[in-house]
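Read through the structure below, which is laid out as structure tokens, and then see the notes.
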Amino acid sequence: MTTTEPTVPRTQDRMTHDVWLPEETVALRAEARAAVEKRLAPFARDIGWREESADSFPWEAFRGLADEGLFAVPFGSDFGRGLEHPMLGTCTVTEEIAYHSSSMAGVYDGQCILVPQTLTFASDELRARLIPELTSGRVAFSFATTEPETSSDLTAERMQTVAEETPDGFVVNGRKRWITNSVVAGWVSVLVRAGAGSDRAHMLLVDLSSPGIRVGTPDLKMGHRGQITADIVFENVHVPRENLLGQPGAGLGVALSALVRGRIGIGAAGVGVAQAALDLAVERLRTRQVFGGPLGAMQHWQFTMAQRATEIECARTLYQKAATLLDRGDRSAEPEAAMAKAYGTRLANDLVREAIQIHGALGFARQVSESGESVRLEEMYRDAKILEIFEGANELQQWIVARTLIGRDVTG
């Protein structure tokens with residue numbers, strides 16, 4: 001579909017001062033922005049509009065970002081960039097990707113935040129074998145915890161996907177749902193119950209070409225159409241013992257360590273979406289004439305956008321602080337991670353909604369057929385909602401904050 005879209009200035013360039021960021025992160029932001037403009041932006045609208053199918057995975061953008069070195073950001077010098085602040089760097093890249101495509105930021109989160117964290121628990125042999133496949137973009141990876149009857153609650157008692165132990169490994173049966181990249185992935189890190197009736201869980205690394213695995217038809221979603229999801233069904237799937245990630249029965253800890261990082265990444269994605277919406281809104285306020293003057297002369301919108309710009313600064317600082325804590329080895333980042341996720345993703349939804357209001361019918365339209373005009377806010381609105389839901393619904397994030405604030409003895 002041919003569209004005419006406005007090119008708008010980035011207000012971030014004049015409003016944000018990276019006072020405390022490491023020089024490597026400031027440089028990485030500039031590098032990532034250029035890479036995203038080159039490798040993702042030309043395809044972003046098509047990714048956001050086309051219906052999900054097994055053939056619609058955005059390989060060109062996916063491998064283009066990998067070719068630019070962005071998939072190597074999370075890893076040490078043995079396999080990747082060897083950054084001093086890899087989590088901060090990865091989240092910064094996520095924000096830049098989300099500015100153009102929230103759904104591709106979701107793909108990047110799975111490939112470069114969730115799965116890499118689970119691979120820290122893998123054997124040296126598996127890491128040496130698989131991480132080069134990941135960083136090059138030759139192979140897509142998946143992370144699977146959610147099931148039809150459980151998502152935020154990942155306790156073993158709720159899980160129906162079970163791994164029974166055998167002399168040389170495990171046999172897995174069950175179903176995982178809403179699994180990103182599953183239709184094209186080569187491998188999946190999957191959380192399973194450690195035997196029927198067990199109150200423990202394993203995290204296993206499973207080859208998706210194994211006999212007994214069936215990947216379902218892609219889900220048809222309101223938004224995030226580039227982040228293709230589908231069920232994975234396991235029927236007597238044999239997994240070698242060496243594919244156990246971490247200690248036996250300690251899989252929940254592996255999963256939660258990845259999800260804490262993922263929540264920070266989704267918070268960064270929310271900031272990217274919010275920043276893009278703010279930039280579109282500001283340009284419209286400057287150029288749209290109403291009642292003899294620019295729309296931006298109305299004090300209501302002046303004050304509203306000033307407040308939103310302040311909130312973006314707060315949201316960006318939250319994810320940067322949480323990521324930096326993890327880079328320093330401080331595991332107490334859980335409240336900041338929850339705050340970053342809930343605050344950044346709510347802000348994305350609020351700002352996109354207001355940007356649509358500022359654009360009026362043009363914001364509501366996917367495209368003006370006569371002129372080809374499109375401001376992509378319709379797509380952004382569809383995409384933004386899932387940010388408040390996946391990787392721990394925002395209500396769960398508020399509960400995590402409350403447990404730290406008030407105490408688990410009271411909140412449960």
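Scheme for the structure tokens: letters A, B, ... for chains in order shown; per-chain residue numbers from 1; ligand numbers from 1 in order shown.
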Polymer residues at most 12 Å from Ala338 of chain A, only C-alpha atoms, same-chain spacing of 2 or more positions, as an MDAnalysis selection string: chainID A and resid 259:268 315 318:319 321:323 332:336 340:345 388 391:404
Residues within 10 Å of Trp187 of chain A, only C-alpha atoms, excluding chain neighbours under 3 positions, as a list in words: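 Here the qualifying residues turn out to be Val115, Leu130, Leu134, Val139, Ala140, Phe141, Ser142, Phe143, Asn181, Ser182, Val184, Val190, Leu205, Val206, Asp207, Leu208, Ser209 and Ser210 of chain A.
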Writer output for current selection, C-alpha atoms, as a tab-separated table (two decimals), in the first residue's frame:
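Produced file again_4.tsv, reproduced below:
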```tsv
chain	number	residue	atom	x	y	z
A	115	VAL	CA	16.19	-15.83	25.39
A	130	LEU	CA	23.52	-21.41	19.48
A	134	LEU	CA	21.04	-15.89	17.40
A	139	VAL	CA	17.81	-18.45	13.54
A	140	ALA	CA	14.86	-16.96	15.41
A	141	PHE	CA	14.36	-18.00	19.04
A	142	SER	CA	11.27	-18.24	21.24
A	143	PHE	CA	10.53	-17.98	24.96
A	181	ASN	CA	8.42	-16.12	16.82
A	182	SER	CA	7.18	-19.70	17.23
A	184	VAL	CA	9.67	-19.46	12.38
A	190	VAL	CA	10.19	-23.44	27.67
A	205	LEU	CA	15.86	-25.56	25.69
A	206	VAL	CA	13.95	-27.42	22.99
A	207	ASP	CA	14.77	-27.90	19.32
A	208	LEU	CA	11.53	-27.04	17.52
A	209	SER	CA	12.32	-29.52	14.76
A	210	SER	CA	12.05	-32.38	17.29
```
Length of the atom CA of Ala30 of chain A to atom CA of Leu280 of chain A vector [Å]: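 Interatomic distance, atom CA of Ala30 of chain A to atom CA of Leu280 of chain A: 20.6 Å.
The nearest approach to Val26 of chain A among the residues A:Thr7, A:Thr166, A:Thr92, A:Ser374, with only C-alpha atoms taken into account, belongs to A:Thr92.
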So that I can check the secondary structure, give me every residue of segment 104-192 of chain A assigned alpha helix (DSSP H) by backbone DSSP, as a PDB file with C-alpha atoms, in the first residue's frame.
```
ATOM      1  CA  MET A 104       9.386  -5.356  16.024  1.00  0.00           C
ATOM      2  CA  ALA A 105      10.430  -4.182  19.473  1.00  0.00           C
ATOM      3  CA  GLY A 106       8.490  -7.168  20.807  1.00  0.00           C
ATOM      4  CA  VAL A 107      10.373  -9.462  18.440  1.00  0.00           C
ATOM      5  CA  TYR A 108      13.670  -7.932  19.572  1.00  0.00           C
ATOM      6  CA  ASP A 109      12.699  -8.330  23.230  1.00  0.00           C
ATOM      7  CA  VAL A 115      16.193 -15.831  25.393  1.00  0.00           C
ATOM      8  CA  PRO A 116      19.727 -14.495  26.036  1.00  0.00           C
ATOM      9  CA  GLN A 117      19.018 -14.445  29.763  1.00  0.00           C
ATOM     10  CA  THR A 118      17.877 -18.079  29.717  1.00  0.00           C
ATOM     11  CA  LEU A 119      21.018 -18.986  27.765  1.00  0.00           C
ATOM     12  CA  ASP A 124      29.170 -23.822  27.411  1.00  0.00           C
ATOM     13  CA  GLU A 125      28.657 -26.227  24.527  1.00  0.00           C
ATOM     14  CA  LEU A 126      25.085 -25.097  23.891  1.00  0.00           C
ATOM     15  CA  ARG A 127      26.042 -21.437  24.170  1.00  0.00           C
ATOM     16  CA  ALA A 128      28.887 -21.831  21.702  1.00  0.00           C
ATOM     17  CA  ARG A 129      26.582 -23.638  19.313  1.00  0.00           C
ATOM     18  CA  LEU A 130      23.524 -21.412  19.480  1.00  0.00           C
ATOM     19  CA  ILE A 131      24.493 -17.831  20.345  1.00  0.00           C
ATOM     20  CA  PRO A 132      26.219 -17.206  16.982  1.00  0.00           C
ATOM     21  CA  GLU A 133      23.007 -18.386  15.297  1.00  0.00           C
ATOM     22  CA  LEU A 134      21.040 -15.893  17.401  1.00  0.00           C
ATOM     23  CA  THR A 135      23.305 -12.883  16.960  1.00  0.00           C
ATOM     24  CA  SER A 136      23.570 -13.374  13.206  1.00  0.00           C
TER      25      SER A 136
END
```
What are the closest atom pairs, with distances in Å to one decimal, for each residue of segment 361-404 of chain A lying within 8 Å of segment 221-238 of chain A, using only C-alpha atoms, rows by chain and rising residue number, as a Markdown table?
```
| residue | atom | partner | partner_atom | distance |
| --- | --- | --- | --- | --- |
| A:Glu379 | CA | A:Gly223 | CA | 7.1 |
| A:Arg382 | CA | A:Gly223 | CA | 4.7 |
| A:Asp383 | CA | A:Gly223 | CA | 4.5 |
| A:Ala384 | CA | A:Gly223 | CA | 7.9 |
| A:Ile386 | CA | A:Gly223 | CA | 7.7 |
```
Output file for the residues above (N, CA and C atoms, as a JSON list (two decimals), in the first residue's frame):
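Final output, part37.json:
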```
[["chain", "number", "residue", "atom", "x", "y", "z"],
["A", 379, "GLU", "N", -2.32, 2.44, 13.58],
["A", 379, "GLU", "CA", -1.48, 1.27, 13.87],
["A", 379, "GLU", "C", -0.89, 1.36, 15.27],
["A", 382, "ARG", "N", -3.46, 0.43, 17.91],
["A", 382, "ARG", "CA", -3.68, -1.02, 17.99],
["A", 382, "ARG", "C", -2.50, -1.71, 18.68],
["A", 383, "ASP", "N", -1.31, -1.24, 18.39],
["A", 383, "ASP", "CA", -0.12, -1.87, 18.94],
["A", 383, "ASP", "C", 0.08, -1.61, 20.43],
["A", 384, "ALA", "N", -0.24, -0.38, 20.85],
["A", 384, "ALA", "CA", 0.14, 0.05, 22.20],
["A", 384, "ALA", "C", -0.55, -0.77, 23.29],
["A", 386, "ILE", "N", -1.23, -3.92, 23.77],
["A", 386, "ILE", "CA", -0.63, -5.17, 24.24],
["A", 386, "ILE", "C", 0.53, -4.91, 25.19]]
```
Atom CA of Leu40 of chain A to atom CA of Leu377 of chain A, distance in Å rounded to a single decimal: 17.6 Å
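For the set A:Ala35, A:Val273, A:Val162, A:Leu405, the residue with the smallest atom-to-atom gap to Phe71 of chain A is A:Ala35, counting only C-alpha atoms.
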Close residues, Thr161 of chain A itself excluded, 12 Å, only C-alpha atoms, min 6 positions apart in chain, as an NGL selection string: :A and (144-150 or 154-155 or 171-177 or 190-198 or 201-204 or 232-237)
Residue nearest Gln111 of chain A - candidates A:Val73, A:Val352, A:Ala34, A:Leu387, atoms counted: only C-alpha atoms: A:Val73
Separation of atom CA of Gly48 of chain A from atom CA of Arg376 of chain A, in Å and rounded to one decimal: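 Interatomic distance, atom CA of Gly48 of chain A to atom CA of Arg376 of chain A: 9.0 Å.
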Pick from A:Arg288, A:Arg200, A:Gly296, A:Gly186, whichever lies nearest to Ile213 of chain A using only C-alpha atoms: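 Closest residue, counting only C-alpha atoms: A:Gly186.
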Exercise: Phe121 of chain A partners within 12 Å, only C-alpha atoms, chain neighbours under 6 positions left out, as a VMD selection string: chain A and resid 115 127 189 202 to 205 242 to 248 250 to 251 253 to 255 257 to 258
Per-residue DSSP, segment 108-318 of chain A, filtered to strand (DSSP E or B), as a PyMOL selection string: chain A and resi 140-144+147+150+162-166+169-180+185-193+201-207+213-215+229-240+244+250+289-290+293-294
Nearest to Ala27 of chain A by atom-to-atom distance, counting only C-alpha atoms, from A:Leu295, A:Gln160, A:Leu83, A:Ala306: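 Going through A:Leu295, A:Gln160, A:Leu83, A:Ala306 one by one, the smallest distance to Ala27 of chain A is for A:Leu83.
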Who sits within 12 Å of Glu354 of chain A, only C-alpha atoms, same chain under 4 positions skipped, as a PyMOL selection string: chain A and resi 274+277-282+284-285+300-301+304-305+308+347-350+358-360+363-364+377-378+380-381
Pick from A:Gly272, A:Pro167, A:Glu157, A:Ala66 nearest to Asp199 of chain A, counting only C-alpha atoms: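 Looking at the shortest contact to Asp199 of chain A, the residue is A:Glu157.
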